[in-house]
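Trainee: Take a look at run.cif, mmCIF, C-alpha atoms:
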```cif
data_input
loop_
_atom_site.label_atom_id
_atom_site.label_comp_id
_atom_site.auth_asym_id
_atom_site.auth_seq_id
_atom_site.Cartn_x
_atom_site.Cartn_y
_atom_site.Cartn_z
CA MET E 1 170.04 48.92 13.58
CA LEU E 2 168.33 45.85 15.00
CA TYR E 3 170.87 45.65 17.81
CA LYS E 4 170.31 49.30 18.68
CA TRP E 5 166.54 48.98 18.58
CA MET E 6 166.57 45.85 20.76
CA ASN E 7 168.70 47.69 23.30
CA SER E 8 166.42 50.75 23.34
CA LEU E 9 169.02 52.98 21.76
CA PHE E 10 166.88 54.80 19.23
CA LEU E 11 166.18 58.40 20.14
CA TYR E 12 162.45 57.66 20.63
CA GLN E 13 163.50 54.99 23.16
CA VAL E 14 166.04 57.20 24.96
CA GLN E 15 163.18 59.79 25.34
CA PRO E 16 165.45 62.67 26.37
CA ALA E 17 164.18 65.10 28.98
CA PHE E 18 167.47 66.88 29.77
CA PHE E 19 171.00 67.16 28.44
CA TYR E 20 174.53 67.05 29.80
CA THR E 21 176.67 69.79 28.25
CA ARG E 22 179.79 68.31 26.70
CA LYS E 23 183.15 70.07 26.87
CA ASP E 24 183.31 70.54 23.09
CA LEU E 25 183.65 73.83 21.25
CA VAL E 26 181.77 72.62 18.16
CA THR E 27 179.00 71.21 20.34
CA TRP E 28 178.60 74.59 22.07
CA LEU E 29 178.18 76.27 18.67
CA PHE E 30 175.65 73.60 17.75
CA MET E 31 173.80 74.04 21.05
CA GLN E 32 173.32 77.70 20.24
CA THR E 33 170.81 76.59 17.55
CA GLY E 34 168.61 75.14 20.30
CA ILE E 35 167.89 71.91 18.38
CA HIS E 36 168.91 69.82 21.38
CA GLN E 37 166.32 71.63 23.51
CA TRP E 38 163.64 71.37 20.85
CA LEU E 39 164.09 67.59 20.94
CA LEU E 40 163.47 67.36 24.69
CA ASN E 41 160.12 65.68 25.44
CA ASN E 42 159.24 65.93 21.76
CA HIS E 43 157.93 62.52 20.66
CA SER E 44 157.27 63.34 17.02
CA ALA E 45 160.69 64.97 16.67
CA TRP E 46 162.34 61.79 17.96
CA ILE E 47 160.56 59.72 15.32
CA LEU E 48 161.53 62.23 12.64
CA PHE E 49 165.18 62.26 13.67
CA ASP E 50 165.40 58.46 13.97
CA SER E 51 163.72 58.02 10.58
CA LEU E 52 166.08 60.47 8.90
CA PHE E 53 169.22 59.16 10.55
CA TYR E 54 168.63 55.47 9.93
CA SER E 55 167.27 55.87 6.41
CA MET E 56 170.11 58.02 5.07
CA PRO E 57 172.52 55.17 4.24
CA LEU E 58 169.83 53.37 2.23
CA LEU E 59 168.78 56.60 0.59
CA TYR E 60 172.35 57.26 -0.43
CA LEU E 61 172.73 53.75 -1.83
CA LEU E 62 169.55 54.04 -3.90
CA THR E 63 170.56 57.47 -5.18
CA TYR E 64 174.03 56.25 -6.08
CA LYS E 65 172.59 53.30 -8.00
CA TYR E 66 169.67 54.93 -9.78
CA VAL E 67 170.11 58.71 -9.80
CA ALA E 68 173.87 59.12 -9.61
CA LYS E 69 173.86 62.85 -10.32
CA LEU E 70 172.03 63.42 -7.01
CA SER E 71 174.43 61.27 -4.96
CA LEU E 72 176.68 64.23 -4.04
CA ALA E 73 173.75 66.17 -2.61
CA VAL E 74 172.48 63.12 -0.70
CA ALA E 75 175.99 62.41 0.66
CA ILE E 76 176.22 65.97 1.99
CA ILE E 77 172.73 65.72 3.49
CA MET E 78 173.72 62.42 5.11
CA LEU E 79 176.79 64.09 6.62
CA LEU E 80 174.68 66.95 8.01
CA VAL E 81 171.97 64.61 9.32
CA ASN E 82 174.57 62.40 11.00
CA TRP E 83 176.30 65.35 12.65
CA CYS E 84 173.04 66.87 13.83
CA TYR E 85 171.73 63.56 15.16
CA VAL E 86 174.95 62.46 16.87
CA GLN E 87 175.62 65.88 18.40
CA CYS E 88 172.13 65.85 19.94
CA TYR E 89 171.95 62.16 20.80
CA THR E 90 175.23 62.18 22.73
CA LEU E 91 174.17 65.20 24.78
CA TYR E 92 171.50 62.99 26.32
CA PRO E 93 172.14 60.11 28.72
CA SER E 94 173.18 57.62 26.06
CA ASN E 95 176.61 56.80 24.71
CA SER E 96 179.71 58.92 24.32
CA ILE E 97 180.32 60.94 21.18
CA GLU E 98 183.73 59.27 20.82
CA GLY E 99 181.97 55.96 20.22
CA HIS E 100 180.00 57.54 17.36
CA ILE E 101 183.06 58.71 15.44
CA ALA E 102 182.33 56.34 12.55
CA TRP E 103 178.94 58.02 11.99
CA LEU E 104 180.67 61.41 11.89
CA LEU E 105 183.57 60.54 9.59
CA PHE E 106 182.32 57.94 7.16
CA PRO E 107 179.83 60.10 5.20
CA ILE E 108 182.77 62.28 4.12
CA VAL E 109 184.11 59.33 2.13
CA PHE E 110 180.97 59.26 0.00
CA ILE E 111 181.03 62.92 -0.99
CA PRO E 112 183.61 62.87 -3.82
CA SER E 113 182.35 61.69 -7.20
CA ASP E 114 185.65 60.39 -8.55
CA LYS E 115 186.80 56.93 -7.57
CA LYS E 116 190.39 57.79 -6.73
CA THR E 117 189.40 60.47 -4.19
CA PHE E 118 186.93 58.04 -2.65
CA ILE E 119 189.66 55.41 -2.32
CA LEU E 120 192.13 57.88 -0.83
CA LEU E 121 189.58 59.08 1.72
CA PHE E 122 188.71 55.47 2.53
CA GLU E 123 192.38 54.81 3.13
CA GLY E 124 192.54 57.95 5.26
CA VAL E 125 189.77 56.57 7.46
CA ARG E 126 191.89 53.41 7.81
CA TYR E 127 194.76 55.50 9.24
CA PHE E 128 192.32 57.20 11.59
CA PHE E 129 191.15 53.77 12.79
CA LEU E 130 194.75 52.76 13.47
CA TYR E 131 195.32 56.02 15.32
CA PHE E 132 192.17 55.38 17.38
CA PHE E 133 193.74 52.28 18.88
CA VAL E 134 197.36 53.38 19.07
CA SER E 135 196.39 56.60 20.85
CA ALA E 136 194.36 54.59 23.38
CA ALA E 137 197.54 52.62 24.19
CA VAL E 138 199.64 55.77 24.37
CA TRP E 139 197.15 57.33 26.79
CA LYS E 140 197.50 54.31 29.09
CA LEU E 141 201.25 54.76 29.09
CA ALA E 142 201.18 58.56 29.37
CA GLN E 143 198.60 58.72 32.17
CA GLY E 144 200.20 55.94 34.16
CA GLY E 145 197.44 53.33 34.13
CA PHE E 146 199.81 50.90 32.46
CA PHE E 147 202.25 51.10 35.37
CA SER E 148 199.78 50.37 38.14
CA GLU E 149 199.50 46.70 39.09
CA GLU E 150 196.13 47.31 40.74
CA GLN E 151 194.76 49.13 37.71
CA MET E 152 192.42 46.42 36.46
CA SER E 153 191.17 45.56 39.93
CA GLY E 154 190.35 49.23 40.49
CA ILE E 155 188.62 49.48 37.11
CA LEU E 156 186.56 46.33 37.63
CA LEU E 157 185.40 47.51 41.06
CA TYR E 158 184.37 50.90 39.71
CA GLN E 159 182.78 49.58 36.52
CA HIS E 160 180.87 46.70 38.07
CA LYS E 161 179.93 47.93 41.53
CA GLU E 162 176.21 47.78 40.71
CA LEU E 163 176.44 44.22 39.38
CA LEU E 164 178.59 43.10 42.32
CA THR E 165 176.27 44.60 44.92
CA SER E 166 172.91 43.71 43.36
CA SER E 167 173.83 40.18 42.21
CA PRO E 168 176.68 38.88 44.42
CA ARG E 169 175.96 35.20 43.63
CA TYR E 170 175.72 35.63 39.86
CA TRP E 171 178.40 33.72 37.91
CA GLN E 172 179.77 36.88 36.30
CA SER E 173 179.96 38.60 39.69
CA ASN E 174 181.91 35.63 41.06
CA PHE E 175 184.27 35.74 38.09
CA LEU E 176 184.81 39.48 38.39
CA LEU E 177 185.39 39.21 42.12
CA TRP E 178 187.96 36.49 41.50
CA LEU E 179 189.77 38.79 39.05
CA ILE E 180 189.60 41.71 41.48
CA GLN E 181 191.13 39.57 44.23
CA LYS E 182 194.05 38.67 41.96
CA PRO E 183 195.38 42.06 40.85
CA GLN E 184 198.41 40.62 39.07
CA LEU E 185 196.21 38.33 36.98
CA SER E 186 193.66 41.01 36.22
CA TYR E 187 196.50 43.36 35.36
CA LEU E 188 197.49 40.89 32.63
CA LEU E 189 194.14 41.67 30.99
CA TYR E 190 194.91 45.39 31.07
CA LEU E 191 198.42 44.73 29.78
CA SER E 192 197.04 42.55 26.97
CA ALA E 193 194.52 45.20 25.99
CA THR E 194 197.25 47.86 25.88
CA LEU E 195 199.53 45.68 23.79
CA LEU E 196 196.63 44.81 21.48
CA GLU E 197 195.94 48.51 20.98
CA LEU E 198 199.62 49.28 20.47
CA SER E 199 199.93 46.53 17.85
CA PHE E 200 197.80 48.60 15.50
CA ILE E 201 200.88 50.73 14.93
CA ILE E 202 202.07 48.10 12.44
CA GLY E 203 199.24 49.21 10.14
CA PHE E 204 200.98 52.55 9.61
CA PHE E 205 203.89 50.75 7.93
CA THR E 206 202.29 47.86 6.10
CA LYS E 207 198.91 46.47 5.10
CA LYS E 208 200.18 42.89 5.27
CA TYR E 209 198.71 42.34 8.72
CA ASP E 210 195.34 44.04 8.23
CA THR E 211 193.49 40.74 8.50
CA LEU E 212 195.24 40.04 11.80
CA LEU E 213 194.38 43.55 13.02
CA LEU E 214 190.78 42.90 12.07
CA VAL E 215 190.80 39.74 14.18
CA LEU E 216 192.37 41.67 17.08
CA PHE E 217 189.66 44.30 16.74
CA VAL E 218 186.94 41.65 16.99
CA ILE E 219 188.67 40.17 20.05
CA PHE E 220 188.80 43.65 21.56
CA LEU E 221 185.08 44.19 21.00
CA VAL E 222 184.12 40.80 22.41
CA MET E 223 186.39 41.04 25.48
CA ASP E 224 185.25 44.60 26.16
CA HIS E 225 181.67 43.35 26.17
CA LEU E 226 182.33 40.26 28.29
CA ILE E 227 184.76 41.67 30.85
CA MET E 228 183.85 45.34 30.98
CA ARG E 229 180.22 45.23 29.82
CA ILE E 230 181.14 48.07 27.47
CA THR E 231 179.80 47.78 23.94
CA TYR E 232 181.78 49.61 21.29
CA TYR E 233 180.03 48.23 18.25
CA GLU E 234 179.28 51.68 16.79
CA ILE E 235 182.93 51.94 15.66
CA ALA E 236 182.71 48.62 13.80
CA PRO E 237 182.20 50.28 10.38
CA LEU E 238 185.73 51.64 10.64
CA ALA E 239 186.96 48.04 10.46
CA LEU E 240 185.75 47.93 6.85
CA THR E 241 188.88 49.87 6.01
CA LEU E 242 190.95 46.90 7.15
CA MET E 243 188.72 44.41 5.35
CA PHE E 244 189.02 46.15 2.03
CA SER E 245 192.51 47.63 2.32
CA LYS E 246 194.07 45.30 -0.22
CA ARG E 247 191.21 45.63 -2.67
CA GLU E 248 191.35 49.45 -2.62
CA ARG E 249 195.13 49.36 -3.01
CA ASN E 250 194.69 47.35 -6.22
CA SER E 251 191.97 49.74 -7.36
CA ILE E 252 194.27 52.73 -6.97
CA GLN E 253 196.90 51.01 -9.07
CA THR E 254 194.39 50.45 -11.90
CA VAL E 255 192.78 53.93 -11.70
CA MET R 1 203.28 56.20 0.50
CA TYR R 2 199.80 57.44 1.36
CA LEU R 3 200.63 61.11 1.89
CA LYS R 4 202.61 61.23 -1.36
CA LYS R 5 199.66 59.68 -3.29
CA LEU R 6 197.30 62.13 -1.64
CA TYR R 7 199.50 65.16 -2.39
CA ARG R 8 199.85 64.20 -6.04
CA HIS R 9 196.12 63.63 -6.43
CA ASN R 10 194.68 66.63 -4.61
CA LYS R 11 196.78 69.19 -2.72
CA LEU R 12 193.80 70.75 -0.93
CA LEU R 13 192.67 67.37 0.39
CA PHE R 14 196.25 66.67 1.44
CA ILE R 15 196.35 69.91 3.46
CA ILE R 16 192.96 69.20 5.06
CA LEU R 17 193.91 65.68 6.12
CA VAL R 18 197.33 66.68 7.43
CA LEU R 19 195.75 69.53 9.43
CA PHE R 20 193.17 67.06 10.80
CA ALA R 21 195.93 64.68 11.85
CA LEU R 22 197.94 67.48 13.47
CA ALA R 23 194.86 68.78 15.26
CA GLN R 24 194.27 65.28 16.67
CA LEU R 25 197.83 65.11 17.97
CA ILE R 26 197.88 68.64 19.37
CA ASN R 27 194.54 68.29 21.08
CA ASN R 28 195.63 65.04 22.66
CA ILE R 29 198.78 66.65 24.01
CA ARG R 30 196.88 69.72 25.27
CA GLN R 31 194.20 67.53 26.90
CA ASP R 32 191.78 70.40 26.77
CA ILE R 33 188.37 71.02 25.27
CA PHE R 34 187.23 68.78 22.43
CA ILE R 35 186.63 70.24 19.01
CA SER R 36 184.40 67.75 17.18
CA PRO R 37 185.45 65.42 15.52
CA ILE R 38 188.73 65.69 17.39
CA TYR R 39 188.52 63.64 20.57
CA SER R 40 190.84 61.68 22.80
CA TYR R 41 190.45 57.98 23.39
CA GLY R 42 191.96 57.58 26.82
CA MET R 43 189.23 55.75 28.70
CA TYR R 44 190.50 54.16 31.92
CA SER R 45 194.02 55.45 31.30
CA ILE R 46 194.45 57.36 34.54
CA GLN R 47 195.50 55.33 37.54
CA ILE R 48 192.48 53.86 39.27
CA LYS R 49 193.21 52.10 42.51
CA PRO R 50 190.72 49.97 44.39
CA THR R 51 189.16 51.91 47.23
CA GLN R 52 187.23 50.68 50.22
CA PHE R 53 184.10 52.79 49.94
CA TYR R 54 181.73 53.04 47.01
CA THR R 55 178.44 54.87 46.49
CA VAL R 56 176.15 52.60 44.52
CA PRO R 57 172.84 53.70 43.02
CA GLU R 58 170.09 51.11 43.49
CA PHE R 59 166.92 51.06 41.45
CA PHE R 60 163.62 49.67 42.67
CA ALA R 61 160.50 49.10 40.60
CA ASP R 62 157.44 48.18 42.71
CA GLY R 63 159.73 47.45 45.63
CA LYS R 64 161.87 44.97 43.72
CA GLN R 65 165.50 45.87 43.02
CA LEU R 66 166.53 45.91 39.37
CA GLN R 67 169.64 43.83 38.84
CA ALA R 68 172.28 44.52 36.22
CA LYS R 69 172.51 40.82 35.37
CA ASP R 70 168.96 40.88 33.98
CA PHE R 71 169.80 43.51 31.37
CA SER R 72 172.22 43.89 28.51
CA PRO R 73 174.99 46.45 29.15
CA GLN R 74 173.23 49.00 26.96
CA GLN R 75 169.86 48.44 28.60
CA TRP R 76 171.46 48.84 32.02
CA ASP R 77 173.06 52.10 30.91
CA ASN R 78 169.60 53.31 29.86
CA ILE R 79 168.48 52.69 33.44
CA THR R 80 171.49 54.12 35.27
CA LEU R 81 172.87 56.92 33.11
CA PRO R 82 169.82 59.21 33.29
CA VAL R 83 170.06 59.14 37.09
CA SER R 84 173.79 59.74 37.36
CA GLU R 85 173.74 62.44 34.69
CA PHE R 86 170.66 64.21 36.05
CA TYR R 87 172.20 64.65 39.49
CA ALA R 88 175.48 65.80 37.95
CA GLN R 89 174.16 68.09 35.19
CA ASP R 90 172.96 70.90 37.41
CA GLN R 91 176.45 71.83 38.62
CA TRP R 92 178.36 70.57 35.58
CA ASN R 93 176.36 72.46 32.96
CA LEU R 94 176.58 75.70 34.94
CA TYR R 95 180.29 75.17 35.48
CA GLN R 96 180.79 74.70 31.73
CA TRP R 97 178.90 77.91 31.01
CA GLN R 98 180.69 80.00 33.61
CA HIS R 99 184.24 78.72 33.11
CA ASP R 100 184.56 77.78 29.45
CA ILE R 101 181.64 78.69 27.17
CA LYS R 102 181.37 82.35 28.23
CA ARG R 103 185.16 82.66 28.16
CA LEU R 104 185.69 81.22 24.67
CA LEU R 105 182.54 82.18 22.79
CA PRO R 106 180.65 85.49 22.45
CA PHE R 107 177.44 84.14 24.02
CA THR R 108 175.58 85.98 26.78
CA ASP R 109 172.56 83.73 27.26
CA SER R 110 173.10 80.59 29.29
CA SER R 111 169.62 79.15 28.67
CA LYS R 112 170.78 76.92 25.80
CA PHE R 113 173.47 75.32 27.97
CA VAL R 114 171.65 74.60 31.21
CA ASN R 115 168.53 72.58 31.91
CA HIS R 116 165.33 73.84 33.47
CA ILE R 117 163.99 70.52 34.72
CA THR R 118 163.22 70.15 38.42
CA GLU R 119 163.90 67.02 40.42
CA GLN R 120 160.17 66.33 40.63
CA GLU R 121 159.84 66.56 36.85
CA PHE R 122 162.84 64.29 36.44
CA LYS R 123 161.33 61.67 38.75
CA GLN R 124 158.06 61.74 36.82
CA TRP R 125 159.95 61.41 33.56
CA TYR R 126 162.12 58.60 34.93
CA HIS R 127 159.05 56.68 36.07
CA GLN R 128 157.62 56.82 32.53
CA HIS R 129 161.02 56.02 31.03
CA LEU R 130 161.44 52.94 33.21
CA GLN R 131 157.95 51.72 32.30
CA SER R 132 158.79 52.00 28.65
CA LEU R 133 162.14 50.24 29.11
CA LEU R 134 160.65 47.39 31.13
CA HIS R 135 157.53 47.21 28.93
CA ARG R 136 155.16 47.08 31.89
CA HIS R 137 153.20 49.31 34.21
CA ILE R 138 155.10 50.30 37.36
CA ASP R 139 153.36 51.73 40.42
CA SER R 140 156.41 52.95 42.25
CA VAL R 141 160.00 53.77 41.37
CA ASN R 142 162.67 54.36 43.98
CA ILE R 143 166.31 55.29 43.62
CA ILE R 144 168.57 54.88 46.60
CA PHE R 145 172.23 55.84 46.80
CA SER R 146 173.75 53.26 49.14
CA GLU R 147 177.20 53.30 50.66
CA TYR R 148 179.20 50.09 50.48
CA TYR R 149 182.46 48.96 52.00
CA PHE R 150 184.63 46.53 50.02
CA ASN R 151 186.67 44.25 52.28
CA ASP R 152 188.60 42.44 49.53
CA THR R 153 186.09 39.58 49.43
CA SER R 154 182.68 41.19 49.21
CA PHE R 155 180.69 44.40 49.38
CA ILE R 156 179.08 45.24 52.71
CA ARG R 157 176.37 47.87 52.91
CA THR R 158 177.21 50.57 55.45
CA LYS R 159 174.33 53.00 54.78
#
```
Give the structure from the file, written as structure tokens.

Mentor:
Amino acid sequence: MLYKWMNSLFLYQVQPAFFYTRKDLVTWLFMQTGIHQWLLNNHSAWILFDSLFYSMPLLYLLTYKYVAKLSLAVAIIMLLVNWCYVQCYTLYPSNSIEGHIAWLLFPIVFIPSDKKTFILLFEGVRYFFLYFFVSAAVWKLAQGGFFSEEQMSGILLYQHKELLTSSPRYWQSNFLLWLIQKPQLSYLLYLSATLLELSFIIGFFTKKYDTLLLVLFVIFLVMDHLIMRITYYEIAPLALTLMFSKRERNSIQTV
Amino acid sequence: MYLKKLYRHNKLLFIILVLFALAQLINNIRQDIFISPIYSYGMYSIQIKPTQFYTVPEFFADGKQLQAKDFSPQQWDNITLPVSEFYAQDQWNLYQWQHDIKRLLPFTDSSKFVNHITEQEFKQWYHQHLQSLLHRHIDSVNIIFSEYYFNDTSFIRTK
């Protein structure tokens, strides 16, 4: 939350005045309600939405601990609030909806009241997380990016053109330019990223390497930030499924 | 095995999760419209070759150019994305309505899918937005789309 606030990512900081219609059937149905338009230039609505969205996890926790019989209702409300907020938020010039997938999926895990269903859903989210990375690697192979030696040079030029033109003597600009001028070397970065993503396939067969996959995920996040200036931290909660995969396996065996 | 455990525990949940997984796969193969929460994660997968000419938006507050190095990646996106998306949304939103939304859904009113903001209104909004992002009063805001030529060693402004 602090990271998002410091980077002006709350809705009241984004201050939406227009939207960009996404190519998404569910989004179109949602847009028919007009909520996304109601939020435009609506300061008090932004505060309301931010307050609801960011307080729901705490509200759920408190309900679960002290008024357990209401936790199902609060979990469902959290799911609805998350969907409503993320659908709207990602229509505005902010981040992609794909990067918010954790916000959309995780509340589902908290809906069931019995422990075994919770654990099975949690494990299901783990498989989704693995798929997230493996599919990214498959896309690179299927769409041909993997087979282009100039791929990373082209990406770096496109992604960093503003940095390279506005700050040509900055250390990061010099580093990026050096990578761009050595396409084979920069391609190694792209190759490494693809292989890193593909390595998540091992998680479909065994949980033995979940800690290693967790480390690879952190490396991916850090390198994406440093090299690409793309921050994908919103998907970090999905990594919890790797952190706790052995513990939930033991729990299932005892349930 | 996970699916076996799931099937034994709750058959309905098993069906839902298997359908979700299949929908993910099918939608990725079809490469068509998203159906939330089914998306594809193929960023920077298509072949992108270096080109020689680039159009670069440049942002000026009180005559001084804002530089990406002075902002975090997210803060820089807050500065640049509204501009790139505003100038694209007019055509894109209408295209979506005319080619996909009207075709697939029984809607007749486009007003929920297109914006009604003029360029002047956008510029006024952007001025306020930039002031709030930079936490200071700004007298003038200018956005210039410059053309650059990349000659393998540096960018050279051409226009």

Trainee: Residues within 12 Å of E:Asn7, please, as a list in words. Count all atoms listed in the file; anything in the same chain fewer than 6 positions from it doesn't count.

Mentor: Met1, Gln13, Val14, Ser94 and Thr231 of chain E; Phe71, Ser72, Pro73, Gln74, Gln75, Trp76, Asp77, Asn78, Ile79, Leu133 and Leu134 of chain R

Trainee: Which residue, E:Leu177, E:Ile201, E:Met78, E:Leu39, has the smallest gap to chain R when you use all atoms listed in the file?

Mentor: E:Leu177

Trainee: As an exercise, work out the distance from atom CA of R:Tyr39 to atom CA of E:Tyr60 in Å and give it to one decimal place.

Mentor: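 Those two atoms sit 27.3 Å apart.
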
Trainee: How many Å lie between atom CA of R:Glu121 and atom CA of R:Tyr87, rounded to one decimal?

Mentor: 12.8 Å

Trainee: Counting all atoms listed in the file, which of E:Leu212, E:Ile35, E:Leu91, E:Leu52 gets nearest to E:Lys23?

Mentor: E:Leu91

Trainee: List every protein, DNA or RNA residue that has an atom no more than 9 Å from (178.3, 46.2, 36.1) in the file's coordinate frame, counting only C-alpha atoms, and report them as a list of chain:residue names.

Mentor: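 It turns out the residues near that spot are E:Leu156, E:Leu157, E:Tyr158, E:Gln159, E:His160, E:Lys161, E:Glu162, E:Leu163, E:Leu164, E:Ser173, E:Met228, E:Arg229, R:Ala68, R:Lys69, R:Pro73, R:Trp76.
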
Trainee: Do you know which residues the PyMOL selection byres ((chain R) within 6 of (chain E)) returns on this file, as a PyMOL selection string?

Mentor: chain R and resi 33-36+41-42+45-50+67-68+73-75+81-82+89+93

Trainee: By how many Å are atom CA of R:Phe113 and atom CA of R:Ile29 apart?

Mentor: 27.0 Å

Trainee: Apply the PyMOL selection byres ((chain E and resi 82) around 10) to the structure shown and report the selected residues as an NGL selection string.

Mentor: :E and (49 or 52-54 or 56 or 76-81 or 83-88 or 100 or 102-107)

Trainee: Name all residues at most 12 Å from E:Pro112 (count only C-alpha atoms; drop same-chain ones fewer than 4 positions away) and give them as a PyMOL selection string.

Mentor: (chain E and resi 64+68-69+71-76+107-108+116-122) or (chain R and resi 10+13)

Trainee: Can you pull out the residues contacting E:Phe129? Cut-off 9 Å, using all atoms listed in the file, and skip same-chain residues under 5 positions away; I want them as a ChimeraX atom specification.

Mentor: /E:124,134,200,235,238-239,241-242

Trainee: Would you mind writing stretch 64-79 of chain E with N, CA and C atoms, as a compact mmCIF listing (two decimals), in the coordinates of the input?

Mentor:
```
# COMPACT_ATOMS: atom_id res chain seq x y z
N TYR E 64 172.78 56.58 -5.38
CA TYR E 64 174.03 56.25 -6.08
C TYR E 64 173.77 55.28 -7.23
N LYS E 65 172.86 54.34 -6.98
CA LYS E 65 172.59 53.30 -8.00
C LYS E 65 171.70 53.82 -9.13
N TYR E 66 170.68 54.62 -8.78
CA TYR E 66 169.67 54.93 -9.78
C TYR E 66 169.65 56.39 -10.25
N VAL E 67 170.11 57.29 -9.38
CA VAL E 67 170.11 58.71 -9.80
C VAL E 67 171.47 59.30 -9.40
N ALA E 68 172.50 58.82 -10.03
CA ALA E 68 173.87 59.12 -9.61
C ALA E 68 174.16 60.62 -9.50
N LYS E 69 173.53 61.41 -10.35
CA LYS E 69 173.86 62.85 -10.32
C LYS E 69 173.39 63.52 -9.02
N LEU E 70 172.49 62.86 -8.29
CA LEU E 70 172.03 63.42 -7.01
C LEU E 70 172.84 62.88 -5.82
N SER E 71 173.75 61.94 -6.08
CA SER E 71 174.43 61.27 -4.96
C SER E 71 175.29 62.24 -4.15
N LEU E 72 175.87 63.25 -4.78
CA LEU E 72 176.68 64.23 -4.04
C LEU E 72 175.81 64.97 -3.03
N ALA E 73 174.66 65.43 -3.49
CA ALA E 73 173.75 66.17 -2.61
C ALA E 73 173.29 65.29 -1.45
N VAL E 74 172.96 64.03 -1.75
CA VAL E 74 172.48 63.12 -0.70
C VAL E 74 173.61 62.81 0.28
N ALA E 75 174.85 62.69 -0.23
CA ALA E 75 175.99 62.41 0.66
C ALA E 75 176.19 63.58 1.63
N ILE E 76 176.06 64.78 1.13
CA ILE E 76 176.22 65.97 1.99
C ILE E 76 175.09 66.03 3.01
N ILE E 77 173.87 65.74 2.56
CA ILE E 77 172.73 65.72 3.49
C ILE E 77 172.95 64.65 4.56
N MET E 78 173.45 63.50 4.15
CA MET E 78 173.72 62.42 5.11
C MET E 78 174.75 62.88 6.15
N LEU E 79 175.78 63.57 5.70
CA LEU E 79 176.79 64.09 6.62
C LEU E 79 176.15 65.06 7.63
```
